[in-house]
>>> print(open('run-v9.pdb').read())   # PDB, N, CA and C atoms
ATOM      1  N   MET A 230      -0.067 -31.494 -32.509
ATOM      2  CA  MET A 230      -0.229 -32.081 -33.822
ATOM      3  C   MET A 230      -1.387 -33.074 -33.770
ATOM      4  N   LYS A 231      -2.265 -32.970 -34.724
ATOM      5  CA  LYS A 231      -3.446 -33.821 -34.763
ATOM      6  C   LYS A 231      -3.273 -34.868 -35.856
ATOM      7  N   PHE A 232      -3.406 -36.131 -35.486
ATOM      8  CA  PHE A 232      -3.352 -37.229 -36.445
ATOM      9  C   PHE A 232      -4.759 -37.529 -36.912
ATOM     10  N   ASP A 233      -4.925 -37.696 -38.211
ATOM     11  CA  ASP A 233      -6.227 -38.085 -38.731
ATOM     12  C   ASP A 233      -6.159 -39.512 -39.278
ATOM     13  N   LYS A 234      -7.301 -40.025 -39.723
ATOM     14  CA  LYS A 234      -7.366 -41.406 -40.212
ATOM     15  C   LYS A 234      -6.470 -41.617 -41.438
ATOM     16  N   ASP A 235      -6.355 -40.591 -42.287
ATOM     17  CA  ASP A 235      -5.532 -40.728 -43.490
ATOM     18  C   ASP A 235      -4.047 -40.870 -43.143
ATOM     19  N   THR A 236      -3.592 -40.108 -42.161
ATOM     20  CA  THR A 236      -2.192 -40.201 -41.736
ATOM     21  C   THR A 236      -1.924 -41.566 -41.112
ATOM     22  N   VAL A 237      -2.847 -42.032 -40.294
ATOM     23  CA  VAL A 237      -2.700 -43.362 -39.688
ATOM     24  C   VAL A 237      -2.692 -44.437 -40.766
ATOM     25  N   ALA A 238      -3.538 -44.300 -41.776
ATOM     26  CA  ALA A 238      -3.573 -45.276 -42.868
ATOM     27  C   ALA A 238      -2.260 -45.281 -43.626
ATOM     28  N   ARG A 239      -1.680 -44.105 -43.852
ATOM     29  CA  ARG A 239      -0.394 -44.025 -44.562
ATOM     30  C   ARG A 239       0.728 -44.665 -43.753
ATOM     31  N   VAL A 240       0.775 -44.356 -42.456
ATOM     32  CA  VAL A 240       1.799 -44.945 -41.592
ATOM     33  C   VAL A 240       1.620 -46.461 -41.502
ATOM     34  N   ALA A 241       0.389 -46.918 -41.393
ATOM     35  CA  ALA A 241       0.115 -48.352 -41.321
ATOM     36  C   ALA A 241       0.537 -49.053 -42.612
ATOM     37  N   ARG A 242       0.303 -48.397 -43.750
ATOM     38  CA  ARG A 242       0.711 -48.986 -45.028
ATOM     39  C   ARG A 242       2.230 -49.062 -45.117
ATOM     40  N   LEU A 243       2.921 -48.000 -44.690
ATOM     41  CA  LEU A 243       4.390 -48.002 -44.717
ATOM     42  C   LEU A 243       4.958 -49.073 -43.791
ATOM     43  N   ALA A 244       4.291 -49.300 -42.658
ATOM     44  CA  ALA A 244       4.746 -50.305 -41.697
ATOM     45  C   ALA A 244       4.213 -51.688 -42.027
ATOM     46  N   ARG A 245       3.416 -51.762 -43.085
ATOM     47  CA  ARG A 245       2.813 -53.024 -43.519
ATOM     48  C   ARG A 245       1.960 -53.651 -42.406
ATOM     49  N   ILE A 246       1.112 -52.792 -41.802
ATOM     50  CA  ILE A 246       0.187 -53.224 -40.756
ATOM     51  C   ILE A 246      -1.227 -53.092 -41.307
ATOM     52  N   ALA A 247      -1.971 -54.164 -41.288
ATOM     53  CA  ALA A 247      -3.349 -54.140 -41.774
ATOM     54  C   ALA A 247      -4.249 -53.508 -40.723
ATOM     55  N   THR A 248      -5.009 -52.495 -41.127
ATOM     56  CA  THR A 248      -5.952 -51.840 -40.220
ATOM     57  C   THR A 248      -7.275 -51.625 -40.951
ATOM     58  N   ASP A 249      -8.354 -51.553 -40.186
ATOM     59  CA  ASP A 249      -9.643 -51.212 -40.774
ATOM     60  C   ASP A 249     -10.040 -49.816 -40.288
ATOM     61  N   ASP A 250     -11.183 -49.313 -40.740
ATOM     62  CA  ASP A 250     -11.594 -47.943 -40.421
ATOM     63  C   ASP A 250     -11.750 -47.695 -38.924
ATOM     64  N   THR A 251     -12.302 -48.650 -38.197
ATOM     65  CA  THR A 251     -12.511 -48.437 -36.756
ATOM     66  C   THR A 251     -11.167 -48.374 -36.026
ATOM     67  N   GLU A 252     -10.230 -49.213 -36.436
ATOM     68  CA  GLU A 252      -8.900 -49.173 -35.805
ATOM     69  C   GLU A 252      -8.189 -47.865 -36.129
ATOM     70  N   ARG A 253      -8.287 -47.413 -37.383
ATOM     71  CA  ARG A 253      -7.635 -46.165 -37.777
ATOM     72  C   ARG A 253      -8.165 -44.990 -36.972
ATOM     73  N   GLU A 254      -9.476 -44.967 -36.746
ATOM     74  CA  GLU A 254     -10.077 -43.894 -35.950
ATOM     75  C   GLU A 254      -9.564 -43.933 -34.510
ATOM     76  N   ARG A 255      -9.501 -45.138 -33.941
ATOM     77  CA  ARG A 255      -9.018 -45.297 -32.563
ATOM     78  C   ARG A 255      -7.539 -44.932 -32.467
ATOM     79  N   PHE A 256      -6.726 -45.406 -33.432
ATOM     80  CA  PHE A 256      -5.291 -45.104 -33.421
ATOM     81  C   PHE A 256      -5.046 -43.607 -33.600
ATOM     82  N   ALA A 257      -5.835 -42.951 -34.421
ATOM     83  CA  ALA A 257      -5.668 -41.511 -34.623
ATOM     84  C   ALA A 257      -5.869 -40.768 -33.306
ATOM     85  N   GLY A 258      -6.880 -41.164 -32.550
ATOM     86  CA  GLY A 258      -7.113 -40.530 -31.248
ATOM     87  C   GLY A 258      -5.999 -40.820 -30.259
ATOM     88  N   GLU A 259      -5.540 -42.071 -30.229
ATOM     89  CA  GLU A 259      -4.479 -42.442 -29.287
ATOM     90  C   GLU A 259      -3.170 -41.745 -29.625
ATOM     91  N   ILE A 260      -2.815 -41.717 -30.897
ATOM     92  CA  ILE A 260      -1.561 -41.073 -31.295
ATOM     93  C   ILE A 260      -1.638 -39.572 -31.035
ATOM     94  N   SER A 261      -2.784 -38.965 -31.307
ATOM     95  CA  SER A 261      -2.950 -37.528 -31.045
ATOM     96  C   SER A 261      -2.789 -37.215 -29.566
ATOM     97  N   SER A 262      -3.314 -38.068 -28.692
ATOM     98  CA  SER A 262      -3.172 -37.818 -27.252
ATOM     99  C   SER A 262      -1.730 -38.032 -26.798
ATOM    100  N   ILE A 263      -1.032 -38.987 -27.396
ATOM    101  CA  ILE A 263       0.378 -39.194 -27.054
ATOM    102  C   ILE A 263       1.213 -37.988 -27.485
ATOM    103  N   ILE A 264       0.977 -37.497 -28.693
ATOM    104  CA  ILE A 264       1.708 -36.329 -29.187
ATOM    105  C   ILE A 264       1.401 -35.106 -28.325
ATOM    106  N   ALA A 265       0.153 -34.943 -27.901
ATOM    107  CA  ALA A 265      -0.210 -33.821 -27.028
ATOM    108  C   ALA A 265       0.513 -33.920 -25.694
ATOM    109  N   TRP A 266       0.638 -35.125 -25.149
ATOM    110  CA  TRP A 266       1.358 -35.304 -23.883
ATOM    111  C   TRP A 266       2.831 -34.966 -24.060
ATOM    112  N   ILE A 267       3.414 -35.372 -25.184
ATOM    113  CA  ILE A 267       4.825 -35.063 -25.444
ATOM    114  C   ILE A 267       5.010 -33.556 -25.595
ATOM    115  N   ASP A 268       4.061 -32.892 -26.216
ATOM    116  CA  ASP A 268       4.145 -31.437 -26.363
ATOM    117  C   ASP A 268       4.171 -30.730 -25.021
ATOM    118  N   THR A 269       3.511 -31.293 -24.002
ATOM    119  CA  THR A 269       3.537 -30.657 -22.680
ATOM    120  C   THR A 269       4.940 -30.695 -22.080
ATOM    121  N   LEU A 270       5.757 -31.663 -22.479
ATOM    122  CA  LEU A 270       7.129 -31.713 -21.978
ATOM    123  C   LEU A 270       7.946 -30.527 -22.484
ATOM    124  N   GLY A 271       7.568 -29.989 -23.637
ATOM    125  CA  GLY A 271       8.262 -28.818 -24.173
ATOM    126  C   GLY A 271       8.035 -27.568 -23.353
ATOM    127  N   GLU A 272       7.032 -27.557 -22.496
ATOM    128  CA  GLU A 272       6.747 -26.402 -21.656
ATOM    129  C   GLU A 272       7.641 -26.341 -20.422
ATOM    130  N   VAL A 273       8.368 -27.407 -20.136
ATOM    131  CA  VAL A 273       9.229 -27.438 -18.956
ATOM    132  C   VAL A 273      10.468 -26.587 -19.220
ATOM    133  N   ASP A 274      10.787 -25.710 -18.268
ATOM    134  CA  ASP A 274      11.954 -24.838 -18.393
ATOM    135  C   ASP A 274      13.215 -25.630 -18.042
ATOM    136  N   THR A 275      14.056 -25.884 -19.034
ATOM    137  CA  THR A 275      15.287 -26.654 -18.820
ATOM    138  C   THR A 275      16.525 -25.814 -19.119
ATOM    139  N   ASP A 276      16.391 -24.493 -19.091
ATOM    140  CA  ASP A 276      17.516 -23.616 -19.432
ATOM    141  C   ASP A 276      18.692 -23.772 -18.480
ATOM    142  N   ASP A 277      18.429 -23.940 -17.183
ATOM    143  CA  ASP A 277      19.513 -24.008 -16.206
ATOM    144  C   ASP A 277      19.891 -25.437 -15.841
ATOM    145  N   VAL A 278      19.450 -26.410 -16.616
ATOM    146  CA  VAL A 278      19.738 -27.807 -16.318
ATOM    147  C   VAL A 278      20.947 -28.254 -17.137
ATOM    148  N   GLU A 279      21.945 -28.784 -16.444
ATOM    149  CA  GLU A 279      23.148 -29.266 -17.117
ATOM    150  C   GLU A 279      22.849 -30.549 -17.874
ATOM    151  N   PRO A 280      23.407 -30.710 -19.074
ATOM    152  CA  PRO A 280      23.252 -31.990 -19.781
ATOM    153  C   PRO A 280      23.904 -33.108 -18.982
ATOM    154  N   MET A 281      23.316 -34.289 -19.029
ATOM    155  CA  MET A 281      23.869 -35.390 -18.251
ATOM    156  C   MET A 281      23.874 -36.670 -19.074
ATOM    157  N   THR A 282      24.791 -37.552 -18.745
ATOM    158  CA  THR A 282      24.883 -38.832 -19.435
ATOM    159  C   THR A 282      24.423 -39.971 -18.550
ATOM    160  N   SER A 283      24.225 -39.698 -17.263
ATOM    161  CA  SER A 283      23.818 -40.722 -16.318
ATOM    162  C   SER A 283      23.037 -40.053 -15.194
ATOM    163  N   VAL A 284      22.209 -40.831 -14.518
ATOM    164  CA  VAL A 284      21.438 -40.253 -13.419
ATOM    165  C   VAL A 284      22.295 -40.058 -12.173
ATOM    166  N   GLY A 285      23.415 -40.741 -12.093
ATOM    167  CA  GLY A 285      24.311 -40.590 -10.958
ATOM    168  C   GLY A 285      25.636 -40.009 -11.405
ATOM    169  N   ALA A 286      26.247 -39.237 -10.530
ATOM    170  CA  ALA A 286      27.552 -38.666 -10.860
ATOM    171  C   ALA A 286      28.590 -39.786 -10.928
ATOM    172  N   MET A 287      29.339 -39.799 -12.005
ATOM    173  CA  MET A 287      30.327 -40.860 -12.207
ATOM    174  C   MET A 287      31.634 -40.259 -12.690
ATOM    175  N   THR A 288      32.707 -40.896 -12.296
ATOM    176  CA  THR A 288      34.002 -40.593 -12.885
ATOM    177  C   THR A 288      34.538 -41.894 -13.462
ATOM    178  N   LEU A 289      35.040 -41.817 -14.667
ATOM    179  CA  LEU A 289      35.536 -43.012 -15.333
ATOM    180  C   LEU A 289      36.896 -43.407 -14.786
ATOM    181  N   LYS A 290      37.106 -44.697 -14.673
ATOM    182  CA  LYS A 290      38.390 -45.196 -14.222
ATOM    183  C   LYS A 290      39.317 -45.301 -15.433
ATOM    184  N   TRP A 291      40.502 -44.790 -15.285
ATOM    185  CA  TRP A 291      41.465 -44.807 -16.368
ATOM    186  C   TRP A 291      42.505 -45.886 -16.120
ATOM    187  N   ARG A 292      42.968 -46.492 -17.187
ATOM    188  CA  ARG A 292      44.068 -47.443 -17.109
ATOM    189  C   ARG A 292      44.974 -47.197 -18.299
ATOM    190  N   ARG A 293      46.191 -47.662 -18.174
ATOM    191  CA  ARG A 293      47.116 -47.533 -19.292
ATOM    192  C   ARG A 293      46.662 -48.457 -20.417
ATOM    193  N   ASP A 294      46.777 -47.980 -21.616
ATOM    194  CA  ASP A 294      46.373 -48.761 -22.777
ATOM    195  C   ASP A 294      47.609 -49.460 -23.349
ATOM    196  N   ASP A 295      48.082 -50.468 -22.621
ATOM    197  CA  ASP A 295      49.262 -51.216 -23.046
ATOM    198  C   ASP A 295      48.829 -52.488 -23.755
ATOM    199  N   VAL A 296      49.441 -52.750 -24.896
ATOM    200  CA  VAL A 296      49.161 -53.961 -25.639
ATOM    201  C   VAL A 296      50.059 -55.066 -25.099
ATOM    202  N   THR A 297      49.441 -56.156 -24.633
ATOM    203  CA  THR A 297      50.205 -57.286 -24.122
ATOM    204  C   THR A 297      49.595 -58.575 -24.660
ATOM    205  N   ASP A 298      50.319 -59.645 -24.509
ATOM    206  CA  ASP A 298      49.789 -60.942 -24.920
ATOM    207  C   ASP A 298      49.068 -61.617 -23.756
ATOM    208  N   GLY A 299      49.006 -60.959 -22.644
ATOM    209  CA  GLY A 299      48.345 -61.506 -21.475
ATOM    210  C   GLY A 299      49.286 -62.328 -20.610
ATOM    211  N   GLY A 300      50.367 -62.813 -21.201
ATOM    212  CA  GLY A 300      51.362 -63.563 -20.450
ATOM    213  C   GLY A 300      50.911 -64.942 -20.018
ATOM    214  N   ILE A 301      49.798 -65.422 -20.517
ATOM    215  CA  ILE A 301      49.313 -66.734 -20.093
ATOM    216  C   ILE A 301      48.976 -67.633 -21.274
ATOM    217  N   ALA A 302      49.701 -67.470 -22.381
ATOM    218  CA  ALA A 302      49.423 -68.270 -23.578
ATOM    219  C   ALA A 302      49.540 -69.760 -23.285
ATOM    220  N   ASP A 303      50.530 -70.148 -22.473
ATOM    221  CA  ASP A 303      50.698 -71.570 -22.152
ATOM    222  C   ASP A 303      49.510 -72.100 -21.342
ATOM    223  N   ASP A 304      48.990 -71.295 -20.426
ATOM    224  CA  ASP A 304      47.823 -71.712 -19.642
ATOM    225  C   ASP A 304      46.589 -71.864 -20.530
ATOM    226  N   ILE A 305      46.438 -70.950 -21.488
ATOM    227  CA  ILE A 305      45.260 -70.978 -22.358
ATOM    228  C   ILE A 305      45.290 -72.188 -23.276
ATOM    229  N   THR A 306      46.446 -72.517 -23.816
ATOM    230  CA  THR A 306      46.548 -73.626 -24.776
ATOM    231  C   THR A 306      46.875 -74.958 -24.114
ATOM    232  N   ALA A 307      46.895 -75.001 -22.797
ATOM    233  CA  ALA A 307      47.293 -76.223 -22.094
ATOM    234  C   ALA A 307      46.374 -77.400 -22.418
ATOM    235  N   ASN A 308      45.083 -77.185 -22.582
ATOM    236  CA  ASN A 308      44.151 -78.275 -22.839
ATOM    237  C   ASN A 308      43.870 -78.489 -24.325
ATOM    238  N   ALA A 309      44.574 -77.762 -25.195
ATOM    239  CA  ALA A 309      44.339 -77.898 -26.632
ATOM    240  C   ALA A 309      44.864 -79.252 -27.115
ATOM    241  N   PRO A 310      44.160 -79.891 -28.052
ATOM    242  CA  PRO A 310      44.626 -81.175 -28.586
ATOM    243  C   PRO A 310      45.958 -81.031 -29.308
ATOM    244  N   ALA A 311      46.183 -79.875 -29.953
ATOM    245  CA  ALA A 311      47.459 -79.639 -30.634
ATOM    246  C   ALA A 311      47.802 -78.166 -30.508
ATOM    247  N   ARG A 312      49.067 -77.886 -30.243
ATOM    248  CA  ARG A 312      49.521 -76.499 -30.119
ATOM    249  C   ARG A 312      50.951 -76.390 -30.578
ATOM    250  N   ALA A 313      51.292 -75.179 -30.994
ATOM    251  CA  ALA A 313      52.661 -74.906 -31.422
ATOM    252  C   ALA A 313      52.961 -73.433 -31.202
ATOM    253  N   ASP A 314      54.047 -73.131 -30.559
ATOM    254  CA  ASP A 314      54.499 -71.760 -30.297
ATOM    255  C   ASP A 314      53.436 -70.915 -29.602
ATOM    256  N   GLY A 315      52.691 -71.486 -28.677
ATOM    257  CA  GLY A 315      51.685 -70.754 -27.925
ATOM    258  C   GLY A 315      50.401 -70.516 -28.689
ATOM    259  N   CYS A 316      50.211 -71.210 -29.812
ATOM    260  CA  CYS A 316      49.003 -71.038 -30.626
ATOM    261  C   CYS A 316      48.294 -72.374 -30.774
ATOM    262  N   PHE A 317      46.992 -72.315 -31.063
ATOM    263  CA  PHE A 317      46.231 -73.521 -31.346
ATOM    264  C   PHE A 317      46.576 -74.016 -32.743
ATOM    265  N   VAL A 318      46.689 -75.325 -32.912
ATOM    266  CA  VAL A 318      46.912 -75.919 -34.216
ATOM    267  C   VAL A 318      45.604 -76.594 -34.613
ATOM    268  N   VAL A 319      45.081 -76.204 -35.792
ATOM    269  CA  VAL A 319      43.821 -76.744 -36.284
ATOM    270  C   VAL A 319      44.054 -77.402 -37.639
ATOM    271  N   PRO A 320      43.225 -78.378 -37.972
ATOM    272  CA  PRO A 320      43.405 -79.017 -39.270
ATOM    273  C   PRO A 320      43.053 -78.069 -40.422
ATOM    274  N   LYS A 321      43.743 -78.260 -41.525
ATOM    275  CA  LYS A 321      43.491 -77.448 -42.712
ATOM    276  C   LYS A 321      42.155 -77.907 -43.327
ATOM    277  N   ILE A 322      41.276 -76.913 -43.604
ATOM    278  CA  ILE A 322      39.973 -77.285 -44.172
ATOM    279  C   ILE A 322      39.805 -76.789 -45.592
ATOM    280  N   VAL A 323      40.682 -75.919 -46.082
ATOM    281  CA  VAL A 323      40.611 -75.393 -47.438
ATOM    282  C   VAL A 323      41.723 -76.056 -48.237
ATOM    283  N   GLU A 324      41.355 -76.642 -49.373
ATOM    284  CA  GLU A 324      42.371 -77.305 -50.192
ATOM    285  C   GLU A 324      42.676 -76.515 -51.421
TER     286      GLU A 324
END
>>> encode(input="run-v9.pdb", output="structure tokens")
Amino acid sequence: MKFDKDTVARVARLARIATDDTERERFAGEISSIIAWIDTLGEVDTDDVEPMTSVGAMTLKWRRDDVTDGGIADDITANAPARADGCFVVPKIVE
């Protein structure tokens, strides 16, 4: 795909980037070379390559999904200025 100055000007306007004619010409060449390099990646045969989610083989660790209170409510609220029934007590701010 070949980028021309008009396409670069349109993209620059959409991105709200100020460019002049010399920059547009330079950007058109740079973007065209980047697109050409990306097109070469399409030539790589990946038919026998398994899809992967990570570069290293991994197995996820499983745990039971049990809902608990943590069992340490008293430890957590021990330094609170005010507490009641294992909860923090805060002053009312809405009247």
>>> select_by_dssp(input="run-v9.pdb", residues="chain A", states="strand (DSSP E)", output="ChimeraX atom specification")
/A:312-313,316-317
>>> closest_residue(input="run-v9.pdb", among="A:Leu243, A:Val284, A:Val237, A:Ala302", to="Asp314 (chain A)", atoms="only C-alpha atoms")
A:Ala302
>>> closest_residue(input="run-v9.pdb", among="A:Pro280, A:Phe232, A:Asp294, A:Met287", to="Arg255 (chain A)", atoms="only C-alpha atoms")
A:Phe232
>>> closest_residue(input="run-v9.pdb", among="A:Thr306, A:Val319, A:Met230, A:Asp250", to="Asp268 (chain A)", atoms="all atoms listed in the file")
A:Met230
>>> residues_around(input="run-v9.pdb", residues="Glu254 (chain A)", least_positions_apart="4", cutoff="8 Å", atoms="all atoms listed in the file", output="list of chain:residue names")
A:Asp233, A:Lys234, A:Asp235, A:Val237, A:Ala238, A:Asp249, A:Asp250, A:Gly258, A:Glu259, A:Ile260
>>> atom_distance(input="run-v9.pdb", atom1="CA of Ser262 (chain A)", atom2="CA of Ala241 (chain A)")
17.9 Å
>>> axis_aligned_box(input="run-v9.pdb", around="region 277-294 of chain A", padding_each_side="6 Å", output="lines of an AutoDock Vina configuration file")
center_x = 33.0
center_y = -36.7
center_z = -16.9
size_x = 41.2
size_y = 37.5
size_z = 24.8
>>> atom_distance(input="run-v9.pdb", atom1="atom N of Ala311 (chain A)", atom2="atom C of Val323 (chain A)")
19.2 Å
>>> atom_distance(input="run-v9.pdb", atom1="CA of Ile267 (chain A)", atom2="CA of Val240 (chain A)")
19.2 Å
>>> closest_residue(input="run-v9.pdb", among="A:Asp276, A:Arg253, A:Pro320, A:Asp303", to="Arg239 (chain A)", atoms="only C-alpha atoms")
A:Arg253
>>> select_by_dssp(input="run-v9.pdb", residues="region 261-319 of chain A", states="helix (DSSP H, G or I)", output="ChimeraX atom specification")
/A:261-270,302-305
>>> decode(input="run-v9.pdb", residues="region 266-311 of chain A", atoms="C-alpha atoms", output="PDB file, in the first residue's frame")
ATOM      1  CA  TRP A 266       7.803  -4.102   5.829  1.00  0.00           C
ATOM      2  CA  ILE A 267       4.574  -5.277   7.473  1.00  0.00           C
ATOM      3  CA  ASP A 268       3.450  -6.777   4.165  1.00  0.00           C
ATOM      4  CA  THR A 269       6.591  -8.941   4.122  1.00  0.00           C
ATOM      5  CA  LEU A 270       5.386 -10.557   7.354  1.00  0.00           C
ATOM      6  CA  GLY A 271       2.384 -11.866   5.417  1.00  0.00           C
ATOM      7  CA  GLU A 272       4.745 -13.980   3.313  1.00  0.00           C
ATOM      8  CA  VAL A 273       5.762 -16.089   6.320  1.00  0.00           C
ATOM      9  CA  ASP A 274       4.159 -19.545   6.297  1.00  0.00           C
ATOM     10  CA  THR A 275       2.350 -19.920   9.639  1.00  0.00           C
ATOM     11  CA  ASP A 276      -0.016 -22.762   8.689  1.00  0.00           C
ATOM     12  CA  ASP A 277       1.559 -25.313  11.047  1.00  0.00           C
ATOM     13  CA  VAL A 278       2.140 -22.902  13.936  1.00  0.00           C
ATOM     14  CA  GLU A 279      -0.087 -23.352  16.974  1.00  0.00           C
ATOM     15  CA  PRO A 280      -1.720 -20.202  18.369  1.00  0.00           C
ATOM     16  CA  MET A 281      -0.117 -19.145  21.623  1.00  0.00           C
ATOM     17  CA  THR A 282      -0.911 -16.812  24.488  1.00  0.00           C
ATOM     18  CA  SER A 283       2.586 -16.690  25.963  1.00  0.00           C
ATOM     19  CA  VAL A 284       6.143 -17.278  24.823  1.00  0.00           C
ATOM     20  CA  GLY A 285       6.604 -19.924  27.510  1.00  0.00           C
ATOM     21  CA  ALA A 286       4.483 -22.966  28.193  1.00  0.00           C
ATOM     22  CA  MET A 287       2.320 -22.301  31.228  1.00  0.00           C
ATOM     23  CA  THR A 288      -0.318 -24.080  33.205  1.00  0.00           C
ATOM     24  CA  LEU A 289      -2.633 -22.012  35.341  1.00  0.00           C
ATOM     25  CA  LYS A 290      -2.862 -22.720  39.028  1.00  0.00           C
ATOM     26  CA  TRP A 291      -6.376 -23.466  40.170  1.00  0.00           C
ATOM     27  CA  ARG A 292      -7.863 -22.749  43.568  1.00  0.00           C
ATOM     28  CA  ARG A 293     -11.292 -23.149  45.033  1.00  0.00           C
ATOM     29  CA  ASP A 294     -13.430 -20.077  44.593  1.00  0.00           C
ATOM     30  CA  ASP A 295     -14.733 -19.885  48.157  1.00  0.00           C
ATOM     31  CA  VAL A 296     -16.191 -16.650  49.454  1.00  0.00           C
ATOM     32  CA  THR A 297     -14.850 -15.863  52.922  1.00  0.00           C
ATOM     33  CA  ASP A 298     -14.495 -12.833  55.128  1.00  0.00           C
ATOM     34  CA  GLY A 299     -10.802 -13.545  55.476  1.00  0.00           C
ATOM     35  CA  GLY A 300     -11.217 -14.376  59.152  1.00  0.00           C
ATOM     36  CA  ILE A 301      -9.129 -11.408  60.251  1.00  0.00           C
ATOM     37  CA  ALA A 302     -11.675  -8.592  60.578  1.00  0.00           C
ATOM     38  CA  ASP A 303     -10.541  -7.896  64.153  1.00  0.00           C
ATOM     39  CA  ASP A 304      -6.896  -7.613  63.049  1.00  0.00           C
ATOM     40  CA  ILE A 305      -7.817  -5.255  60.207  1.00  0.00           C
ATOM     41  CA  THR A 306      -9.925  -2.922  62.360  1.00  0.00           C
ATOM     42  CA  ALA A 307      -7.632  -3.076  65.396  1.00  0.00           C
ATOM     43  CA  ASN A 308      -6.061   0.344  64.708  1.00  0.00           C
ATOM     44  CA  ALA A 309      -9.300   2.040  63.612  1.00  0.00           C
ATOM     45  CA  PRO A 310     -10.346   5.068  65.702  1.00  0.00           C
ATOM     46  CA  ALA A 311     -13.887   3.652  65.877  1.00  0.00           C
TER      47      ALA A 311
END
